[in-house]
$ cat query32.txt   # compact mmCIF, N, CA and C atoms
# COMPACT_ATOMS: atom_id res chain seq x y z
N MET A 1 0.85 -1.18 0.00
CA MET A 1 0.00 0.00 0.00
C MET A 1 0.89 1.24 0.00
N THR A 2 0.60 2.17 -0.86
CA THR A 2 1.33 3.43 -0.96
C THR A 2 1.09 4.26 0.30
N GLU A 3 2.18 4.82 0.82
CA GLU A 3 2.05 5.73 1.97
C GLU A 3 2.26 7.15 1.49
N ILE A 4 1.35 8.03 1.88
CA ILE A 4 1.47 9.45 1.56
C ILE A 4 1.52 10.23 2.86
N VAL A 5 2.55 11.08 2.99
CA VAL A 5 2.70 11.94 4.16
C VAL A 5 2.60 13.38 3.68
N LYS A 6 1.75 14.18 4.33
CA LYS A 6 1.62 15.60 4.01
C LYS A 6 2.05 16.39 5.23
N LEU A 7 3.14 17.14 5.07
CA LEU A 7 3.75 17.88 6.19
C LEU A 7 3.37 19.35 6.12
N LYS A 8 2.93 19.87 7.24
CA LYS A 8 2.63 21.30 7.38
C LYS A 8 3.58 21.90 8.41
N THR A 9 3.91 23.17 8.24
CA THR A 9 4.81 23.83 9.20
C THR A 9 4.07 24.82 10.10
N GLY A 10 2.80 25.03 9.82
CA GLY A 10 2.04 26.01 10.59
C GLY A 10 2.05 27.39 9.95
N SER A 11 2.65 27.51 8.78
CA SER A 11 2.68 28.78 8.07
C SER A 11 1.26 29.21 7.72
N LYS A 12 0.99 30.50 7.90
CA LYS A 12 -0.33 31.02 7.55
C LYS A 12 -0.59 30.88 6.05
N PHE A 13 0.48 30.87 5.25
CA PHE A 13 0.33 30.74 3.80
C PHE A 13 -0.13 29.34 3.42
N GLU A 14 0.36 28.33 4.14
CA GLU A 14 -0.09 26.96 3.87
C GLU A 14 -1.59 26.82 4.13
N GLU A 15 -2.04 27.41 5.21
CA GLU A 15 -3.46 27.34 5.55
C GLU A 15 -4.29 28.14 4.54
N HIS A 16 -3.86 29.36 4.26
CA HIS A 16 -4.58 30.24 3.34
C HIS A 16 -4.66 29.63 1.94
N GLY A 17 -3.56 29.05 1.48
CA GLY A 17 -3.52 28.49 0.13
C GLY A 17 -3.85 27.01 0.05
N SER A 18 -4.14 26.40 1.20
CA SER A 18 -4.51 24.99 1.27
C SER A 18 -3.48 24.09 0.59
N TYR A 19 -2.23 24.17 1.08
CA TYR A 19 -1.18 23.30 0.54
C TYR A 19 -0.30 22.80 1.66
N SER A 20 0.49 21.79 1.35
CA SER A 20 1.45 21.23 2.29
C SER A 20 2.84 21.71 1.95
N ARG A 21 3.68 21.88 2.95
CA ARG A 21 5.08 22.25 2.72
C ARG A 21 5.79 21.13 1.97
N LEU A 22 5.44 19.90 2.33
CA LEU A 22 6.09 18.73 1.76
C LEU A 22 5.05 17.63 1.61
N VAL A 23 5.14 16.91 0.50
CA VAL A 23 4.33 15.72 0.30
C VAL A 23 5.28 14.59 -0.09
N ALA A 24 5.24 13.51 0.67
CA ALA A 24 6.05 12.32 0.37
C ALA A 24 5.11 11.21 -0.06
N VAL A 25 5.39 10.65 -1.22
CA VAL A 25 4.65 9.51 -1.74
C VAL A 25 5.65 8.37 -1.76
N ASP A 26 5.55 7.51 -0.74
CA ASP A 26 6.59 6.50 -0.50
C ASP A 26 7.94 7.23 -0.40
N ASN A 27 8.89 6.94 -1.28
CA ASN A 27 10.22 7.56 -1.18
C ASN A 27 10.38 8.82 -2.03
N LEU A 28 9.37 9.15 -2.82
CA LEU A 28 9.42 10.33 -3.67
C LEU A 28 8.86 11.52 -2.89
N ILE A 29 9.66 12.58 -2.79
CA ILE A 29 9.31 13.70 -1.91
C ILE A 29 9.29 15.01 -2.70
N PHE A 30 8.22 15.75 -2.54
CA PHE A 30 8.06 17.05 -3.19
C PHE A 30 8.00 18.12 -2.11
N VAL A 31 8.87 19.13 -2.21
CA VAL A 31 8.85 20.23 -1.26
C VAL A 31 8.37 21.48 -2.01
N SER A 32 7.34 22.12 -1.47
CA SER A 32 6.75 23.31 -2.09
C SER A 32 7.76 24.45 -2.15
N ASN A 33 7.45 25.40 -3.01
CA ASN A 33 8.26 26.60 -3.13
C ASN A 33 8.46 27.19 -1.73
N THR A 34 9.71 27.40 -1.37
CA THR A 34 10.05 27.77 0.00
C THR A 34 10.85 29.07 0.01
N ALA A 35 10.48 29.95 0.92
CA ALA A 35 11.17 31.25 1.07
C ALA A 35 12.18 31.16 2.21
N GLY A 36 12.91 32.24 2.41
CA GLY A 36 13.99 32.26 3.39
C GLY A 36 13.64 32.86 4.73
N ARG A 37 12.41 32.71 5.17
CA ARG A 37 12.02 33.22 6.49
C ARG A 37 12.59 32.31 7.57
N ASN A 38 13.33 32.90 8.50
CA ASN A 38 13.87 32.14 9.62
C ASN A 38 12.71 31.74 10.52
N PRO A 39 12.52 30.44 10.77
CA PRO A 39 11.36 30.01 11.55
C PRO A 39 11.38 30.47 13.00
N LYS A 40 12.56 30.75 13.54
CA LYS A 40 12.65 31.21 14.94
C LYS A 40 12.39 32.70 15.06
N THR A 41 13.04 33.50 14.22
CA THR A 41 12.92 34.96 14.32
C THR A 41 11.78 35.51 13.49
N LYS A 42 11.28 34.72 12.54
CA LYS A 42 10.23 35.11 11.58
C LYS A 42 10.72 36.20 10.61
N LEU A 43 12.03 36.45 10.58
CA LEU A 43 12.61 37.46 9.70
C LEU A 43 13.19 36.82 8.45
N ILE A 44 13.25 37.62 7.39
CA ILE A 44 13.88 37.19 6.14
C ILE A 44 15.16 37.99 5.98
N PRO A 45 16.31 37.32 5.89
CA PRO A 45 17.57 38.07 5.76
C PRO A 45 17.57 38.94 4.50
N GLU A 46 18.11 40.14 4.62
CA GLU A 46 18.25 41.03 3.46
C GLU A 46 19.38 40.55 2.55
N ASP A 47 20.46 40.02 3.15
CA ASP A 47 21.61 39.55 2.40
C ASP A 47 21.19 38.38 1.50
N LEU A 48 21.53 38.48 0.21
CA LEU A 48 21.10 37.47 -0.76
C LEU A 48 21.62 36.08 -0.44
N ALA A 49 22.90 35.99 -0.09
CA ALA A 49 23.48 34.68 0.23
C ALA A 49 22.84 34.10 1.48
N GLU A 50 22.67 34.92 2.51
CA GLU A 50 22.03 34.44 3.74
C GLU A 50 20.60 33.98 3.48
N GLN A 51 19.87 34.73 2.66
CA GLN A 51 18.48 34.36 2.37
C GLN A 51 18.45 33.03 1.62
N THR A 52 19.36 32.84 0.66
CA THR A 52 19.43 31.60 -0.10
C THR A 52 19.74 30.42 0.82
N LEU A 53 20.71 30.59 1.69
CA LEU A 53 21.09 29.51 2.61
C LEU A 53 19.97 29.22 3.61
N GLN A 54 19.20 30.25 3.99
CA GLN A 54 18.06 30.03 4.89
C GLN A 54 16.97 29.24 4.18
N VAL A 55 16.74 29.53 2.89
CA VAL A 55 15.77 28.74 2.12
C VAL A 55 16.17 27.27 2.15
N LEU A 56 17.44 26.99 1.86
CA LEU A 56 17.91 25.60 1.83
C LEU A 56 17.85 24.96 3.22
N ALA A 57 18.11 25.73 4.27
CA ALA A 57 17.99 25.21 5.63
C ALA A 57 16.53 24.86 5.94
N ASN A 58 15.59 25.69 5.49
CA ASN A 58 14.16 25.41 5.70
C ASN A 58 13.75 24.14 4.97
N ILE A 59 14.25 23.97 3.75
CA ILE A 59 13.95 22.76 2.99
C ILE A 59 14.56 21.54 3.69
N GLU A 60 15.78 21.69 4.16
CA GLU A 60 16.46 20.59 4.84
C GLU A 60 15.69 20.16 6.09
N THR A 61 15.17 21.11 6.84
CA THR A 61 14.38 20.80 8.04
C THR A 61 13.13 19.99 7.67
N ALA A 62 12.46 20.39 6.60
CA ALA A 62 11.27 19.66 6.16
C ALA A 62 11.63 18.24 5.73
N LEU A 63 12.72 18.10 4.99
CA LEU A 63 13.15 16.77 4.54
C LEU A 63 13.50 15.87 5.73
N LYS A 64 14.21 16.42 6.70
CA LYS A 64 14.59 15.63 7.88
C LYS A 64 13.37 15.14 8.65
N ALA A 65 12.28 15.90 8.62
CA ALA A 65 11.07 15.50 9.33
C ALA A 65 10.47 14.20 8.79
N VAL A 66 10.82 13.86 7.54
CA VAL A 66 10.30 12.61 6.95
C VAL A 66 11.43 11.62 6.66
N GLY A 67 12.53 11.76 7.39
CA GLY A 67 13.62 10.79 7.27
C GLY A 67 14.45 10.93 6.00
N SER A 68 14.49 12.12 5.46
CA SER A 68 15.27 12.38 4.25
C SER A 68 16.32 13.45 4.58
N CYS A 69 17.01 13.91 3.55
CA CYS A 69 18.04 14.93 3.77
C CYS A 69 18.26 15.71 2.47
N LEU A 70 18.96 16.81 2.56
CA LEU A 70 19.22 17.64 1.39
C LEU A 70 20.00 16.86 0.33
N GLU A 71 20.83 15.94 0.76
CA GLU A 71 21.62 15.13 -0.18
C GLU A 71 20.75 14.17 -1.00
N ASP A 72 19.49 13.99 -0.62
CA ASP A 72 18.55 13.17 -1.38
C ASP A 72 17.89 13.95 -2.52
N VAL A 73 18.14 15.26 -2.61
CA VAL A 73 17.49 16.09 -3.64
C VAL A 73 18.00 15.69 -5.02
N VAL A 74 17.05 15.44 -5.93
CA VAL A 74 17.40 15.07 -7.31
C VAL A 74 17.02 16.15 -8.32
N ARG A 75 16.18 17.10 -7.92
CA ARG A 75 15.78 18.20 -8.79
C ARG A 75 15.49 19.43 -7.95
N ALA A 76 15.93 20.58 -8.44
CA ALA A 76 15.64 21.84 -7.75
C ALA A 76 15.21 22.89 -8.77
N ARG A 77 14.32 23.75 -8.33
CA ARG A 77 13.93 24.91 -9.13
C ARG A 77 14.14 26.13 -8.26
N VAL A 78 14.96 27.05 -8.78
CA VAL A 78 15.30 28.27 -8.05
C VAL A 78 14.62 29.44 -8.74
N PHE A 79 13.82 30.16 -7.99
CA PHE A 79 13.09 31.31 -8.51
C PHE A 79 13.72 32.57 -7.92
N VAL A 80 14.27 33.41 -8.78
CA VAL A 80 15.00 34.61 -8.37
C VAL A 80 14.15 35.82 -8.73
N GLN A 81 13.93 36.70 -7.76
CA GLN A 81 13.07 37.88 -7.97
C GLN A 81 13.66 38.85 -8.99
N PHE A 82 14.94 39.15 -8.86
CA PHE A 82 15.57 40.17 -9.70
C PHE A 82 16.78 39.57 -10.43
N THR A 83 16.84 39.76 -11.73
CA THR A 83 17.92 39.16 -12.53
C THR A 83 19.31 39.61 -12.07
N ASP A 84 19.43 40.81 -11.54
CA ASP A 84 20.74 41.28 -11.06
C ASP A 84 21.27 40.45 -9.90
N ASP A 85 20.40 39.67 -9.25
CA ASP A 85 20.79 38.88 -8.07
C ASP A 85 21.23 37.46 -8.41
N ILE A 86 21.12 37.07 -9.67
CA ILE A 86 21.37 35.68 -10.05
C ILE A 86 22.75 35.19 -9.61
N ASP A 87 23.80 35.95 -9.88
CA ASP A 87 25.16 35.47 -9.58
C ASP A 87 25.37 35.20 -8.09
N VAL A 88 24.92 36.09 -7.24
CA VAL A 88 25.10 35.91 -5.80
C VAL A 88 24.28 34.72 -5.30
N ILE A 89 23.04 34.62 -5.76
CA ILE A 89 22.17 33.51 -5.35
C ILE A 89 22.72 32.19 -5.86
N MET A 90 23.18 32.15 -7.11
CA MET A 90 23.75 30.92 -7.68
C MET A 90 25.00 30.50 -6.90
N ALA A 91 25.81 31.45 -6.51
CA ALA A 91 27.02 31.12 -5.74
C ALA A 91 26.66 30.52 -4.38
N ALA A 92 25.69 31.11 -3.69
CA ALA A 92 25.27 30.59 -2.38
C ALA A 92 24.62 29.22 -2.54
N TYR A 93 23.78 29.07 -3.53
CA TYR A 93 23.15 27.78 -3.81
C TYR A 93 24.23 26.74 -4.09
N GLY A 94 25.18 27.08 -4.95
CA GLY A 94 26.26 26.17 -5.31
C GLY A 94 27.11 25.78 -4.11
N GLN A 95 27.33 26.73 -3.21
CA GLN A 95 28.11 26.46 -2.00
C GLN A 95 27.48 25.34 -1.19
N ARG A 96 26.16 25.37 -1.03
CA ARG A 96 25.48 24.37 -0.21
C ARG A 96 25.17 23.08 -0.97
N MET A 97 24.95 23.18 -2.27
CA MET A 97 24.52 22.01 -3.04
C MET A 97 25.67 21.31 -3.77
N ARG A 98 26.88 21.84 -3.66
CA ARG A 98 28.05 21.22 -4.31
C ARG A 98 28.19 19.78 -3.85
N GLY A 99 28.34 18.89 -4.80
CA GLY A 99 28.45 17.48 -4.50
C GLY A 99 27.12 16.74 -4.56
N ILE A 100 26.03 17.47 -4.38
CA ILE A 100 24.70 16.88 -4.50
C ILE A 100 24.31 16.91 -5.99
N ASN A 101 24.51 18.05 -6.60
CA ASN A 101 24.36 18.23 -8.05
C ASN A 101 23.03 17.75 -8.63
N PRO A 102 21.89 18.22 -8.10
CA PRO A 102 20.62 17.82 -8.69
C PRO A 102 20.41 18.50 -10.05
N ALA A 103 19.44 18.03 -10.80
CA ALA A 103 19.01 18.76 -11.99
C ALA A 103 18.48 20.12 -11.49
N LEU A 104 18.72 21.17 -12.26
CA LEU A 104 18.39 22.52 -11.79
C LEU A 104 17.73 23.34 -12.87
N THR A 105 16.68 24.04 -12.48
CA THR A 105 16.08 25.08 -13.30
C THR A 105 16.15 26.36 -12.50
N MET A 106 16.62 27.44 -13.12
CA MET A 106 16.63 28.75 -12.47
C MET A 106 15.88 29.71 -13.39
N THR A 107 14.95 30.44 -12.79
CA THR A 107 14.13 31.36 -13.57
C THR A 107 13.87 32.62 -12.75
N CYS A 108 13.40 33.66 -13.41
CA CYS A 108 13.20 34.95 -12.74
C CYS A 108 11.77 35.46 -12.91
N PRO A 109 10.80 34.81 -12.27
CA PRO A 109 9.42 35.33 -12.31
C PRO A 109 9.20 36.28 -11.13
N PRO A 110 8.14 37.05 -11.15
CA PRO A 110 7.80 37.82 -9.96
C PRO A 110 7.45 36.85 -8.82
N LEU A 111 7.90 37.16 -7.62
CA LEU A 111 7.57 36.32 -6.46
C LEU A 111 6.47 36.99 -5.66
N GLY A 112 6.00 36.31 -4.62
CA GLY A 112 4.86 36.79 -3.84
C GLY A 112 5.07 38.11 -3.13
N SER A 113 6.31 38.48 -2.88
CA SER A 113 6.64 39.73 -2.21
C SER A 113 8.04 40.13 -2.63
N THR A 114 8.30 41.43 -2.74
CA THR A 114 9.66 41.87 -3.09
C THR A 114 10.64 41.59 -1.96
N GLN A 115 10.14 41.28 -0.78
CA GLN A 115 10.99 40.88 0.34
C GLN A 115 11.66 39.54 0.05
N TYR A 116 10.99 38.70 -0.73
CA TYR A 116 11.55 37.40 -1.12
C TYR A 116 12.45 37.63 -2.33
N LYS A 117 13.75 37.41 -2.14
CA LYS A 117 14.69 37.56 -3.25
C LYS A 117 14.87 36.24 -3.98
N VAL A 118 14.60 35.14 -3.28
CA VAL A 118 14.77 33.81 -3.85
C VAL A 118 13.79 32.85 -3.18
N GLU A 119 13.24 31.95 -3.95
CA GLU A 119 12.44 30.85 -3.44
C GLU A 119 12.88 29.60 -4.18
N ILE A 120 12.81 28.47 -3.51
CA ILE A 120 13.28 27.21 -4.10
C ILE A 120 12.26 26.12 -3.81
N ASP A 121 12.01 25.26 -4.81
CA ASP A 121 11.28 24.03 -4.55
C ASP A 121 12.16 22.87 -5.02
N VAL A 122 11.97 21.72 -4.40
CA VAL A 122 12.80 20.57 -4.74
C VAL A 122 11.96 19.29 -4.80
N THR A 123 12.54 18.32 -5.51
CA THR A 123 12.05 16.96 -5.49
C THR A 123 13.21 16.11 -4.97
N ALA A 124 12.91 15.24 -4.04
CA ALA A 124 13.94 14.37 -3.47
C ALA A 124 13.46 12.92 -3.56
N TYR A 125 14.42 12.03 -3.49
CA TYR A 125 14.12 10.61 -3.43
C TYR A 125 14.82 10.06 -2.19
N ARG A 126 14.02 9.66 -1.20
CA ARG A 126 14.58 9.19 0.08
C ARG A 126 15.55 8.04 -0.18
N GLY A 127 16.78 8.21 0.26
CA GLY A 127 17.81 7.20 0.07
C GLY A 127 18.77 7.49 -1.07
N ALA A 128 18.46 8.50 -1.88
CA ALA A 128 19.34 8.83 -3.02
C ALA A 128 20.75 9.18 -2.57
N ALA A 129 20.89 9.75 -1.38
CA ALA A 129 22.21 10.13 -0.88
C ALA A 129 23.14 8.93 -0.72
N LYS A 130 22.57 7.76 -0.51
CA LYS A 130 23.37 6.55 -0.29
C LYS A 130 23.47 5.68 -1.55
N ALA A 131 22.84 6.12 -2.62
CA ALA A 131 22.85 5.32 -3.87
C ALA A 131 24.17 5.47 -4.61
N ALA A 132 24.51 4.46 -5.36
CA ALA A 132 25.68 4.55 -6.23
C ALA A 132 25.37 5.55 -7.35
N VAL A 133 26.32 6.42 -7.62
CA VAL A 133 26.12 7.45 -8.63
C VAL A 133 27.11 7.23 -9.77
N LYS A 134 26.60 7.22 -10.96
CA LYS A 134 27.45 7.14 -12.14
C LYS A 134 27.44 8.51 -12.78
N GLU A 135 28.58 9.19 -12.77
CA GLU A 135 28.66 10.51 -13.38
C GLU A 135 29.14 10.37 -14.81
N MET A 136 28.50 11.12 -15.69
CA MET A 136 28.84 11.05 -17.11
C MET A 136 28.99 12.47 -17.63
N ALA A 137 29.68 12.63 -18.73
CA ALA A 137 29.81 13.93 -19.38
C ALA A 137 29.59 13.72 -20.87
N ILE A 138 28.92 14.67 -21.48
CA ILE A 138 28.74 14.63 -22.92
C ILE A 138 29.17 15.98 -23.49
N THR A 139 29.43 16.02 -24.76
CA THR A 139 29.74 17.27 -25.42
C THR A 139 28.51 17.71 -26.20
N LEU A 140 28.08 18.93 -25.94
CA LEU A 140 26.89 19.44 -26.62
C LEU A 140 27.29 20.23 -27.85
$ encode --input "query32.txt" --output "structure tokens"
Amino acid sequence: MTEIVKLKTGSKFEEHGSYSRLVAVDNLIFVSNTAGRNPKTKLIPEDLAEQTLQVLANIETALKAVGSCLEDVVRARVFVQFTDDIDVIMAAYGQRMRGINPALTMTCPPLGSTQYKVEIDVTAYRGAAKAAVKEMAITL
């Protein structure tokens, strides 16, 4: 029997929009678009790198709640509010995700608030961090 877990964090946005922060279907895990609000202080860092790392920390906390980890991430989508911020956000993202190397989409749509400089959603597969990885390179 398939097990589905729907995780909520208590965010007013989850309630208002009727969604879960994370949905796990057996070992396949989907994490909703996540902002960089610090759950303890309720503040969003102004610094682009700090905000990006806070987003990833929030995602990591959600993954850990269902027995997964950031290293299980196989796909990420990074939404950047302002195109001028791409390089700083990409560097911070790369700093934390180096070695994990999921498939990545980065785009610059308007976000829910100008306070959000970056939002990220991910797909993870529980146990991927321990799987054998075959790295390949092709010439395009």
$ closest_residue --input "query32.txt" --among "A:Lys117, A:Arg21, A:Lys8, A:Lys130" --to "Ile59 in chain A" --atoms "only C-alpha atoms"
A:Arg21
$ atom_distance --input "query32.txt" --atom1 "CA of Pro109 in chain A" --atom2 "CA of Asp121 in chain A"
13.8 Å
$ residues_around --input "query32.txt" --residues "Val55 in chain A" --least-positions-apart "4" --cutoff "8 Å" --atoms "all atoms listed in the file" --output "list in words"
Thr34, Ala35, Gly36, Arg37, Asn38, Ala49, Glu50, Gln51, Ile59, Glu60, Thr61, Val118, Glu119 and Ile120 of chain A
$ select_by_dssp --input "query32.txt" --residues "chain A" --states "strand (DSSP E or B)" --output "ChimeraX atom specification"
/A:4-7,22-25,28-34,73-80,103-107,118-125
$ atom_distance --input "query32.txt" --atom1 "CA of Ser18 in chain A" --atom2 "CA of Val78 in chain A"
22.1 Å
$ closest_residue --input "query32.txt" --among "A:Ala57, A:Ala76, A:Val25, A:Leu48" --to "Thr2 in chain A" --atoms "all atoms listed in the file"
A:Val25
$ closest_residue --input "query32.txt" --among "A:Asp84, A:Thr139, A:Val66, A:Ile44" --to "Tyr116 in chain A" --atoms "all atoms listed in the file"
A:Ile44
$ atom_distance --input "query32.txt" --atom1 "CA of Thr107 in chain A" --atom2 "CA of Phe79 in chain A"
5.2 Å
$ closest_residue --input "query32.txt" --among "A:Pro45, A:Gly10, A:Asn101, A:Pro39" --to "Gln115 in chain A" --atoms "all atoms listed in the file"
A:Pro45
$ select_by_dssp --input "query32.txt" --residues "range 43-137 of chain A" --states "alpha helix (DSSP H)" --output "JSON, numbers by chain"
{"A": [48, 49, 50, 51, 52, 53, 54, 55, 56, 57, 58, 59, 60, 61, 62, 63, 64, 65, 86, 87, 88, 89, 90, 91, 92, 93, 94, 95, 96, 97]}
$ closest_residue --input "query32.txt" --among "A:Thr52, A:Ser113, A:Tyr125, A:His16" --to "Val88 in chain A" --atoms "all atoms listed in the file"
A:Thr52
$ closest_residue --input "query32.txt" --among "A:Met90, A:Ala65, A:Val80, A:Ala24" --to "Cys108 in chain A" --atoms "only N, CA and C atoms"
A:Val80
$ residues_around --input "query32.txt" --residues "Leu22 in chain A" --least-positions-apart "2" --cutoff "6.5 Å" --atoms "only N, CA and C atoms" --output "mmCIF file with N, CA and C atoms, keeping the file's coordinate frame"
data_model
loop_
_atom_site.group_PDB
_atom_site.id
_atom_site.type_symbol
_atom_site.label_atom_id
_atom_site.label_comp_id
_atom_site.auth_asym_id
_atom_site.auth_seq_id
_atom_site.Cartn_x
_atom_site.Cartn_y
_atom_site.Cartn_z
ATOM 1 N N VAL A 5 2.550 11.080 2.990
ATOM 2 C CA VAL A 5 2.700 11.940 4.160
ATOM 3 C C VAL A 5 2.600 13.380 3.680
ATOM 4 N N LYS A 6 1.750 14.180 4.330
ATOM 5 C CA LYS A 6 1.620 15.600 4.010
ATOM 6 C C LYS A 6 2.050 16.390 5.230
ATOM 7 N N LEU A 7 3.140 17.140 5.070
ATOM 8 C CA LEU A 7 3.750 17.880 6.190
ATOM 9 C C LEU A 7 3.370 19.350 6.120
ATOM 10 N N LYS A 8 2.930 19.870 7.240
ATOM 11 C CA LYS A 8 2.630 21.300 7.380
ATOM 12 C C LYS A 8 3.580 21.900 8.410
ATOM 13 N N TYR A 19 -2.230 24.170 1.080
ATOM 14 C CA TYR A 19 -1.180 23.300 0.540
ATOM 15 C C TYR A 19 -0.300 22.800 1.660
ATOM 16 N N SER A 20 0.490 21.790 1.350
ATOM 17 C CA SER A 20 1.450 21.230 2.290
ATOM 18 C C SER A 20 2.840 21.710 1.950
ATOM 19 N N ALA A 24 5.240 13.510 0.670
ATOM 20 C CA ALA A 24 6.050 12.320 0.370
ATOM 21 C C ALA A 24 5.110 11.210 -0.060
ATOM 22 N N PHE A 30 8.220 15.750 -2.540
ATOM 23 C CA PHE A 30 8.060 17.050 -3.190
ATOM 24 C C PHE A 30 8.000 18.120 -2.110
ATOM 25 N N VAL A 31 8.870 19.130 -2.210
ATOM 26 C CA VAL A 31 8.850 20.230 -1.260
ATOM 27 C C VAL A 31 8.370 21.480 -2.010
ATOM 28 N N SER A 32 7.340 22.120 -1.470
ATOM 29 C CA SER A 32 6.750 23.310 -2.090
ATOM 30 C C SER A 32 7.760 24.450 -2.150
#
$ residues_near_point --input "query32.txt" --point "(19.5, 14.8, 0.0)" --cutoff "7 Å" --atoms "all atoms listed in the file" --output "PyMOL selection string"
chain A and resi 68-74+124-125+128-129
$ decode --input "query32.txt" --residues "range 90-136 of chain A" --atoms "C-alpha atoms" --output "mmCIF file, in the first residue's frame"
data_model
loop_
_atom_site.group_PDB
_atom_site.id
_atom_site.type_symbol
_atom_site.label_atom_id
_atom_site.label_comp_id
_atom_site.auth_asym_id
_atom_site.auth_seq_id
_atom_site.Cartn_x
_atom_site.Cartn_y
_atom_site.Cartn_z
ATOM 1 C CA MET A 90 23.747 30.921 -7.677
ATOM 2 C CA ALA A 91 27.021 31.117 -5.742
ATOM 3 C CA ALA A 92 25.269 30.594 -2.381
ATOM 4 C CA TYR A 93 23.146 27.776 -3.814
ATOM 5 C CA GLY A 94 26.262 26.170 -5.305
ATOM 6 C CA GLN A 95 28.107 26.462 -1.996
ATOM 7 C CA ARG A 96 25.476 24.370 -0.211
ATOM 8 C CA MET A 97 24.519 22.010 -3.043
ATOM 9 C CA ARG A 98 28.046 21.224 -4.307
ATOM 10 C CA GLY A 99 28.455 17.475 -4.502
ATOM 11 C CA ILE A 100 24.695 16.879 -4.505
ATOM 12 C CA ASN A 101 24.360 18.232 -8.046
ATOM 13 C CA PRO A 102 20.617 17.823 -8.693
ATOM 14 C CA ALA A 103 19.006 18.763 -11.986
ATOM 15 C CA LEU A 104 18.394 22.517 -11.793
ATOM 16 C CA THR A 105 16.077 25.082 -13.301
ATOM 17 C CA MET A 106 16.633 28.747 -12.474
ATOM 18 C CA THR A 107 14.132 31.362 -13.574
ATOM 19 C CA CYS A 108 13.195 34.946 -12.741
ATOM 20 C CA PRO A 109 9.423 35.329 -12.313
ATOM 21 C CA PRO A 110 7.803 37.823 -9.957
ATOM 22 C CA LEU A 111 7.573 36.320 -6.458
ATOM 23 C CA GLY A 112 4.861 36.789 -3.839
ATOM 24 C CA SER A 113 6.637 39.733 -2.209
ATOM 25 C CA THR A 114 9.657 41.875 -3.092
ATOM 26 C CA GLN A 115 10.994 40.884 0.338
ATOM 27 C CA TYR A 116 11.548 37.403 -1.125
ATOM 28 C CA LYS A 117 14.694 37.557 -3.253
ATOM 29 C CA VAL A 118 14.770 33.807 -3.848
ATOM 30 C CA GLU A 119 12.439 30.850 -3.442
ATOM 31 C CA ILE A 120 13.279 27.214 -4.103
ATOM 32 C CA ASP A 121 11.282 24.026 -4.548
ATOM 33 C CA VAL A 122 12.799 20.567 -4.737
ATOM 34 C CA THR A 123 12.054 16.956 -5.493
ATOM 35 C CA ALA A 124 13.937 14.368 -3.467
ATOM 36 C CA TYR A 125 14.123 10.605 -3.429
ATOM 37 C CA ARG A 126 14.578 9.194 0.077
ATOM 38 C CA GLY A 127 17.808 7.196 0.073
ATOM 39 C CA ALA A 128 19.340 8.829 -3.017
ATOM 40 C CA ALA A 129 22.212 10.133 -0.876
ATOM 41 C CA LYS A 130 23.372 6.549 -0.295
ATOM 42 C CA ALA A 131 22.847 5.322 -3.866
ATOM 43 C CA ALA A 132 25.682 4.549 -6.228
ATOM 44 C CA VAL A 133 26.120 7.455 -8.635
ATOM 45 C CA LYS A 134 27.449 7.141 -12.143
ATOM 46 C CA GLU A 135 28.661 10.512 -13.379
ATOM 47 C CA MET A 136 28.843 11.051 -17.109
#
